[in-house]
Structures are given as structure tokens and as C-alpha cells.
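Okay, structure first, notes after.
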Amino acid sequence: MSLRAVVEPEPTPEPDASPKPDETPVPEPDETPIRTLPSRTGLKVESVALTILAVVAGVTALSLASGLFIPIVLSLLVTAALEPFVRGVERIGIPRWLASAIAVVGLIAAIGGGTYALSDDLTAAINQLPQATSRLQQELRRLRGQAASPIRALERAADNIDAVALEAAGARAAAPARPEPALRLRESLVVGTMTVVGFTGNLVMFSFLVYFVLASGDLFRRKLVRIAGPALSDRRATVEIMGNVRTTVERFLLVIAATSTLVAVLSWLSFSMLGLNHAITWALVGGILNTIPYFGSAVATAVFFLAGLLQFDRLDIALLAAGSFLLISTIESSWLTPKLLGRVGRMNNVAVFIGLLFWGWIWGPWGMLLAYPIIVVIKTTSDHVEALKPLGDLLGE
């Protein structure tokens, strides 16, 4: 045995780095941080809440400031109706400010002259309405006869209960009737004068508003184009949208005026054939009320039924007078107006009806009169604005 073999130790085998069959390799942990998408639930809730608050604030402002918004909306519609006339007069060399003044003065003169010419007939027709309702009540009682109806039985039961309650409480001495105060002529004159002055002031302010909007021409249109941005595409799109909206509104107002005039003329012919008194006045009332979808025709039909019943004292003639107007207005609203309006008139009846209820709730009778034009403007604007196209689809058929 050599000395070297004794001194040097035997080399130890290196451990095997390969995994054993029964052991699985453990991956090393990745030091890269995990990226997570930000949660948008809070943003959605916040945007929905802000939208609801904005809608509530807008509705509240429209309701509280109805005295401001109604003249503005009405003046814009009247301006759109007079704009073709002003442009035509302007083409012959007359300045726009003078053409606007001619249009406003002509409109006031036409309304004032027509009202003055029909004031007597209109007053007489309105004074007949209480008698007509009383006559209708008598006619219904006659048809009902002497048979006791459940409603009449309930009324008698309520009267008996009231009598028993009075007997149980003890009869009280009737208090002496207070003498009616004498007519205070001075207060009546003051109230009447203030009413006339207020109406005249509102008419003058409305006339000036219409005149200023007409005389301004394309001023606000140019301002809106400038606000749209420096990009030529944005300005071009803004000009196109405003042009389409103006054309649609003018066409809508022209069609509504023409169809309402046609309804008034046909109603006048029908009432004249039946021999109804104040036929032209009732026809004008029907033409004006016909501009309000659904509700206007229903109210006019009821009024004409009462007028016919009061004059002829016969249910069949009264039904014929009301039915003739209902037939004319139904044909006009269901066939003629949608055909003339084209795509603008193809709106969802449910959406239009809800719009009538909404604007009537906000602005009363003026809201119901202005609801249809407002809905048309909203639909036309929504059809040309990409972000509002879902609203246009909702209002459309």
C-alpha cells in the first residue's frame, strides 16, 4: 500500500441534481407584480347618481321657471314659422330688421283682428256651455228613468246617514244669513285694469322677443358653430345638424298649420250642413285643439256634443255633430299628417303620449300645446347626433 493512497481521502460523489421520480419540481416564485384591472363599480354608481340628480334638477327648474321657459319655447316656434316669410321678403331687397318687424306686426294684427271679429260668437258659445251640461244631465236622467240605480241608492243612503248624524248631535238654530257685500266697483275696476295691463305687457314682451330672434338672423347659429371647436369636421357637422333641425321644424309647423286649417274648414262645412249655430267659431276651436294629439280631439268632440245637444235637444244630432269632427280629426291624425311629415311623423305613439303627459304635468295646458313640437325637435336632433341616436330610436317607430 502506498503512502499517497493513505494520505489522500477518497473523493465524495456529488449529489445528483436531477429530481427523483416521486418528487415534482417546485417553480421559483415570480417577482413580477400581478396587474389588476381597476374596479368601475364606484364610477358607474357615481355617474348614475349624477345623472339622476341632473334630471331631477332640470325638471324642477322647468317647473319653477315655467313663466320664463314657455315664452322662450313659444317664441322659437313662432320664429321658425315666420322665418320663411322673412327670408322671402329679404330677397326682394328689404332689410332683415324691417322684414322682421313686418312679420311680427302682421301676426299681431291677424290674431287681434280675428279675435275681435269672432269675440261675440265666441262669448255666446262659451256662455252656452253651462246650459249644455245641465241639459246633458237632464237627458241622462230621462234615459235612466225612474228605476233606482246603485248610485242613486248610495246617494239616498248617504243622505239618511247625514240626517241621523244631525239628529244625534242635536239640531242647531240656523244662523242668520249674512248680507252679501255690495259690489265694490272700484275694486272690480282695479282688478280688471290690472288684468288687461298684465296681458298687454306679456303680449308686448313676447312680440319683442320674437322680433329680436327674427332680426338676429344667423347670429346664434354662427356662435354655435364657433363653439363647436376649431376642427373643420366638427363645424361642418354642427352646421348640418342645425340645418336639418331648422328644415324639419319648419316643415312640421307648415304641415300642422295646413292640416289644422283643413280640419277647421271641413268641420265648418259639416256643422253648417247640420245647422249648428256659431259653426265657424266651433270649427276654429276644433282646428286649434286639433294641434294637441289625442287630448285636443277628445275635448273638442265633447264640446261639440254638448253644443249640439243644447241647440237641437236631440241625442242623435248631437252625436252626429261630434262624430263628424271625430271622423275628420281621426283621418287627419292617422293618415294625412304622418304621410305629409314622412319620417318625422313616424314616432312611437306610446312615447308621444308619455311626452304629452310629462309636459302637461310640467307646464299645464301650454305644455300640452307645445309637447308635440318639442318631441319632434328632440327626435330630429337625436337622429343626427351619434350620442343621442338611442333616444331617437326610442321615440321612433
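Just remember, in the C-alpha cells the first chain shown is A, the second B, etc., residues are 1-based per chain, and ligands are 1-based in the order shown.
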Residue neighbourhood A:Phe358, 9 Å, only C-alpha atoms, exclusion window fewer than 3 positions, as a PDB file with C-alpha atoms, in the first residue's frame:
ATOM      1  CA  PHE A 353     -98.444  60.060 -25.215  1.00  0.00           C
ATOM      2  CA  ILE A 354     -95.974  59.908 -22.329  1.00  0.00           C
ATOM      3  CA  GLY A 355     -94.416  63.142 -23.596  1.00  0.00           C
ATOM      4  CA  TRP A 361     -97.651  67.956 -15.863  1.00  0.00           C
ATOM      5  CA  ILE A 362     -94.751  70.429 -16.049  1.00  0.00           C
ATOM      6  CA  TRP A 363     -96.420  73.352 -17.855  1.00  0.00           C
ATOM      7  CA  GLY A 367     -97.159  72.159 -22.045  1.00  0.00           C
ATOM      8  CA  MET A 368     -99.697  70.003 -23.838  1.00  0.00           C
ATOM      9  CA  ALA A 371     -95.332  68.970 -26.287  1.00  0.00           C
TER      10      ALA A 371
END
Spatial neighbours of A:Ser100, max dist 9 Å, only C-alpha atoms, sep filter under 3 positions, as an MDAnalysis selection string: chainID A and resid 82:83 85:86 95:97 103:105 210:215
Next, write the just-selected residues to a file, as a PDB file, in the first residue's frame, keeping N, CA and C atoms as the atom set.
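So the final result, stored in part_21.pdb, reads:
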ATOM      1  N   LEU A  82     -92.310  81.990 -38.907  1.00  0.00           N
ATOM      2  CA  LEU A  82     -92.212  83.241 -39.657  1.00  0.00           C
ATOM      3  C   LEU A  82     -90.925  83.354 -40.460  1.00  0.00           C
ATOM      4  N   GLU A  83     -89.967  82.494 -40.217  1.00  0.00           N
ATOM      5  CA  GLU A  83     -88.671  82.594 -40.889  1.00  0.00           C
ATOM      6  C   GLU A  83     -88.774  82.497 -42.412  1.00  0.00           C
ATOM      7  N   PHE A  85     -91.178  83.486 -44.359  1.00  0.00           N
ATOM      8  CA  PHE A  85     -91.716  84.758 -44.829  1.00  0.00           C
ATOM      9  C   PHE A  85     -90.648  85.856 -44.783  1.00  0.00           C
ATOM     10  N   VAL A  86     -89.886  85.893 -43.709  1.00  0.00           N
ATOM     11  CA  VAL A  86     -88.841  86.915 -43.567  1.00  0.00           C
ATOM     12  C   VAL A  86     -87.774  86.729 -44.638  1.00  0.00           C
ATOM     13  N   PRO A  95     -84.408  95.242 -45.828  1.00  0.00           N
ATOM     14  CA  PRO A  95     -83.520  94.812 -44.732  1.00  0.00           C
ATOM     15  C   PRO A  95     -84.222  93.827 -43.801  1.00  0.00           C
ATOM     16  N   ARG A  96     -83.390  93.020 -43.156  1.00  0.00           N
ATOM     17  CA  ARG A  96     -83.964  91.962 -42.314  1.00  0.00           C
ATOM     18  C   ARG A  96     -84.707  92.536 -41.117  1.00  0.00           C
ATOM     19  N   TRP A  97     -84.208  93.620 -40.551  1.00  0.00           N
ATOM     20  CA  TRP A  97     -84.880  94.180 -39.382  1.00  0.00           C
ATOM     21  C   TRP A  97     -86.275  94.685 -39.749  1.00  0.00           C
ATOM     22  N   ALA A 103     -93.298  91.115 -40.267  1.00  0.00           N
ATOM     23  CA  ALA A 103     -93.838  89.800 -39.911  1.00  0.00           C
ATOM     24  C   ALA A 103     -94.504  89.823 -38.541  1.00  0.00           C
ATOM     25  N   VAL A 104     -93.859  90.448 -37.550  1.00  0.00           N
ATOM     26  CA  VAL A 104     -94.416  90.469 -36.193  1.00  0.00           C
ATOM     27  C   VAL A 104     -95.691  91.301 -36.150  1.00  0.00           C
ATOM     28  N   VAL A 105     -95.673  92.478 -36.771  1.00  0.00           N
ATOM     29  CA  VAL A 105     -96.863  93.328 -36.771  1.00  0.00           C
ATOM     30  C   VAL A 105     -98.015  92.651 -37.518  1.00  0.00           C
ATOM     31  N   VAL A 210     -89.892  87.779 -30.083  1.00  0.00           N
ATOM     32  CA  VAL A 210     -89.966  87.208 -31.427  1.00  0.00           C
ATOM     33  C   VAL A 210     -89.233  88.088 -32.433  1.00  0.00           C
ATOM     34  N   TYR A 211     -89.401  89.399 -32.301  1.00  0.00           N
ATOM     35  CA  TYR A 211     -88.747  90.313 -33.241  1.00  0.00           C
ATOM     36  C   TYR A 211     -87.224  90.228 -33.131  1.00  0.00           C
ATOM     37  N   PHE A 212     -86.701  90.221 -31.912  1.00  0.00           N
ATOM     38  CA  PHE A 212     -85.250  90.183 -31.739  1.00  0.00           C
ATOM     39  C   PHE A 212     -84.657  88.877 -32.271  1.00  0.00           C
ATOM     40  N   VAL A 213     -85.372  87.756 -32.041  1.00  0.00           N
ATOM     41  CA  VAL A 213     -84.867  86.475 -32.552  1.00  0.00           C
ATOM     42  C   VAL A 213     -84.892  86.465 -34.073  1.00  0.00           C
ATOM     43  N   LEU A 214     -85.955  87.005 -34.669  1.00  0.00           N
ATOM     44  CA  LEU A 214     -86.030  87.063 -36.130  1.00  0.00           C
ATOM     45  C   LEU A 214     -84.961  87.998 -36.696  1.00  0.00           C
ATOM     46  N   ALA A 215     -84.803  89.174 -36.091  1.00  0.00           N
ATOM     47  CA  ALA A 215     -83.852  90.154 -36.613  1.00  0.00           C
ATOM     48  C   ALA A 215     -82.403  89.708 -36.453  1.00  0.00           C
TER      49      ALA A 215
END
Rounded to one decimal, what separation in Å do you get between atom CA of A:Gly67 and atom CA of A:Tyr116?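 Computing it gives 26.3 Å between the two atoms.
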Identify which of the residues A:Ser216, A:Ser47, A:Ser333, A:Thr247 lies closest to A:Ile292, counting only C-alpha atoms when measuring atom-to-atom distances. A:Ser333
So that I can see what lies close to A:Met347, please list as number ranges by chain the residues with an atom at most 12 Å from it, counting only C-alpha atoms and leaving out residues fewer than 5 positions away in the same chain. A: 334, 337-338, 341-342, 352-353, 355, 372, 375-380, 391-397
Write to file, as a PDB file, in the first residue's frame, the residues of the selection just made, with N, CA and C atoms.
ATOM      1  N   SER A 334    -104.264  60.101 -38.302  1.00  0.00           N
ATOM      2  CA  SER A 334    -103.781  58.740 -38.524  1.00  0.00           C
ATOM      3  C   SER A 334    -103.261  58.505 -39.935  1.00  0.00           C
ATOM      4  N   THR A 337    -101.486  63.484 -41.756  1.00  0.00           N
ATOM      5  CA  THR A 337    -100.309  64.117 -41.140  1.00  0.00           C
ATOM      6  C   THR A 337     -99.067  63.231 -41.196  1.00  0.00           C
ATOM      7  N   PRO A 338     -99.133  61.935 -40.832  1.00  0.00           N
ATOM      8  CA  PRO A 338     -97.926  61.099 -40.989  1.00  0.00           C
ATOM      9  C   PRO A 338     -97.449  61.003 -42.427  1.00  0.00           C
ATOM     10  N   LEU A 341     -95.666  64.403 -43.140  1.00  0.00           N
ATOM     11  CA  LEU A 341     -94.438  64.586 -42.368  1.00  0.00           C
ATOM     12  C   LEU A 341     -93.358  63.594 -42.748  1.00  0.00           C
ATOM     13  N   GLY A 342     -93.750  62.430 -43.265  1.00  0.00           N
ATOM     14  CA  GLY A 342     -92.761  61.439 -43.649  1.00  0.00           C
ATOM     15  C   GLY A 342     -92.097  60.813 -42.446  1.00  0.00           C
ATOM     16  N   VAL A 352     -94.997  59.426 -27.540  1.00  0.00           N
ATOM     17  CA  VAL A 352     -95.658  60.718 -27.715  1.00  0.00           C
ATOM     18  C   VAL A 352     -96.678  60.956 -26.608  1.00  0.00           C
ATOM     19  N   PHE A 353     -97.436  59.924 -26.261  1.00  0.00           N
ATOM     20  CA  PHE A 353     -98.444  60.060 -25.215  1.00  0.00           C
ATOM     21  C   PHE A 353     -97.787  60.345 -23.871  1.00  0.00           C
ATOM     22  N   GLY A 355     -94.909  61.774 -23.499  1.00  0.00           N
ATOM     23  CA  GLY A 355     -94.416  63.142 -23.596  1.00  0.00           C
ATOM     24  C   GLY A 355     -95.503  64.171 -23.346  1.00  0.00           C
ATOM     25  N   TYR A 372     -95.876  68.318 -28.565  1.00  0.00           N
ATOM     26  CA  TYR A 372     -95.598  67.665 -29.841  1.00  0.00           C
ATOM     27  C   TYR A 372     -94.443  68.325 -30.588  1.00  0.00           C
ATOM     28  N   ILE A 375     -91.191  67.348 -28.850  1.00  0.00           N
ATOM     29  CA  ILE A 375     -90.807  65.958 -29.113  1.00  0.00           C
ATOM     30  C   ILE A 375     -90.225  65.817 -30.512  1.00  0.00           C
ATOM     31  N   VAL A 376     -90.787  66.524 -31.476  1.00  0.00           N
ATOM     32  CA  VAL A 376     -90.256  66.479 -32.842  1.00  0.00           C
ATOM     33  C   VAL A 376     -88.836  67.028 -32.894  1.00  0.00           C
ATOM     34  N   VAL A 377     -88.586  68.141 -32.214  1.00  0.00           N
ATOM     35  CA  VAL A 377     -87.236  68.719 -32.185  1.00  0.00           C
ATOM     36  C   VAL A 377     -86.248  67.759 -31.515  1.00  0.00           C
ATOM     37  N   ILE A 378     -86.664  67.141 -30.409  1.00  0.00           N
ATOM     38  CA  ILE A 378     -85.779  66.195 -29.712  1.00  0.00           C
ATOM     39  C   ILE A 378     -85.457  65.006 -30.608  1.00  0.00           C
ATOM     40  N   LYS A 379     -86.466  64.478 -31.287  1.00  0.00           N
ATOM     41  CA  LYS A 379     -86.231  63.314 -32.160  1.00  0.00           C
ATOM     42  C   LYS A 379     -85.330  63.688 -33.338  1.00  0.00           C
ATOM     43  N   THR A 380     -85.560  64.846 -33.953  1.00  0.00           N
ATOM     44  CA  THR A 380     -84.743  65.253 -35.088  1.00  0.00           C
ATOM     45  C   THR A 380     -83.292  65.459 -34.670  1.00  0.00           C
ATOM     46  N   LEU A 391     -81.902  57.590 -28.135  1.00  0.00           N
ATOM     47  CA  LEU A 391     -83.115  58.319 -27.805  1.00  0.00           C
ATOM     48  C   LEU A 391     -84.003  58.485 -29.033  1.00  0.00           C
ATOM     49  N   GLY A 392     -83.392  58.768 -30.189  1.00  0.00           N
ATOM     50  CA  GLY A 392     -84.176  58.861 -31.418  1.00  0.00           C
ATOM     51  C   GLY A 392     -84.845  57.543 -31.775  1.00  0.00           C
ATOM     52  N   ASP A 393     -84.144  56.432 -31.583  1.00  0.00           N
ATOM     53  CA  ASP A 393     -84.752  55.114 -31.820  1.00  0.00           C
ATOM     54  C   ASP A 393     -85.898  54.844 -30.845  1.00  0.00           C
ATOM     55  N   LEU A 394     -85.757  55.327 -29.624  1.00  0.00           N
ATOM     56  CA  LEU A 394     -86.823  55.138 -28.644  1.00  0.00           C
ATOM     57  C   LEU A 394     -88.077  55.911 -29.014  1.00  0.00           C
ATOM     58  N   LEU A 395     -87.913  57.119 -29.540  1.00  0.00           N
ATOM     59  CA  LEU A 395     -89.064  57.923 -29.931  1.00  0.00           C
ATOM     60  C   LEU A 395     -89.661  57.474 -31.262  1.00  0.00           C
ATOM     61  N   GLY A 396     -88.862  56.850 -32.115  1.00  0.00           N
ATOM     62  CA  GLY A 396     -89.352  56.418 -33.414  1.00  0.00           C
ATOM     63  C   GLY A 396     -90.166  55.139 -33.338  1.00  0.00           C
ATOM     64  N   GLU A 397     -90.699  54.783 -34.491  1.00  0.00           N
ATOM     65  CA  GLU A 397     -91.481  53.545 -34.550  1.00  0.00           C
ATOM     66  C   GLU A 397     -90.582  52.325 -34.471  1.00  0.00           C
TER      67      GLU A 397
END
Got a sec: who's within 9 Å of stretch 200-209 of chain A, counting only C-alpha atoms, leaving out chain neighbours fewer than 6 positions off, as a PyMOL selection string? chain A and resi 71-72+74-75+104-105+108
Generate the output file for the selected residues, N, CA and C atoms, as a PDB file, in the first residue's frame.
ATOM      1  N   PRO A  71     -92.526  81.236 -22.676  1.00  0.00           N
ATOM      2  CA  PRO A  71     -92.397  82.261 -23.738  1.00  0.00           C
ATOM      3  C   PRO A  71     -91.203  82.023 -24.661  1.00  0.00           C
ATOM      4  N   ILE A  72     -90.095  81.518 -24.110  1.00  0.00           N
ATOM      5  CA  ILE A  72     -88.917  81.282 -24.959  1.00  0.00           C
ATOM      6  C   ILE A  72     -89.208  80.195 -25.986  1.00  0.00           C
ATOM      7  N   LEU A  74     -92.152  79.099 -27.005  1.00  0.00           N
ATOM      8  CA  LEU A  74     -93.198  79.561 -27.914  1.00  0.00           C
ATOM      9  C   LEU A  74     -92.646  80.562 -28.926  1.00  0.00           C
ATOM     10  N   SER A  75     -91.775  81.441 -28.485  1.00  0.00           N
ATOM     11  CA  SER A  75     -91.191  82.419 -29.419  1.00  0.00           C
ATOM     12  C   SER A  75     -90.304  81.733 -30.455  1.00  0.00           C
ATOM     13  N   VAL A 104     -93.859  90.448 -37.550  1.00  0.00           N
ATOM     14  CA  VAL A 104     -94.416  90.469 -36.193  1.00  0.00           C
ATOM     15  C   VAL A 104     -95.691  91.301 -36.150  1.00  0.00           C
ATOM     16  N   VAL A 105     -95.673  92.478 -36.771  1.00  0.00           N
ATOM     17  CA  VAL A 105     -96.863  93.328 -36.771  1.00  0.00           C
ATOM     18  C   VAL A 105     -98.015  92.651 -37.518  1.00  0.00           C
ATOM     19  N   ILE A 108     -99.520  89.945 -35.199  1.00  0.00           N
ATOM     20  CA  ILE A 108    -100.345  90.525 -34.131  1.00  0.00           C
ATOM     21  C   ILE A 108    -101.657  91.055 -34.685  1.00  0.00           C
TER      22      ILE A 108
END
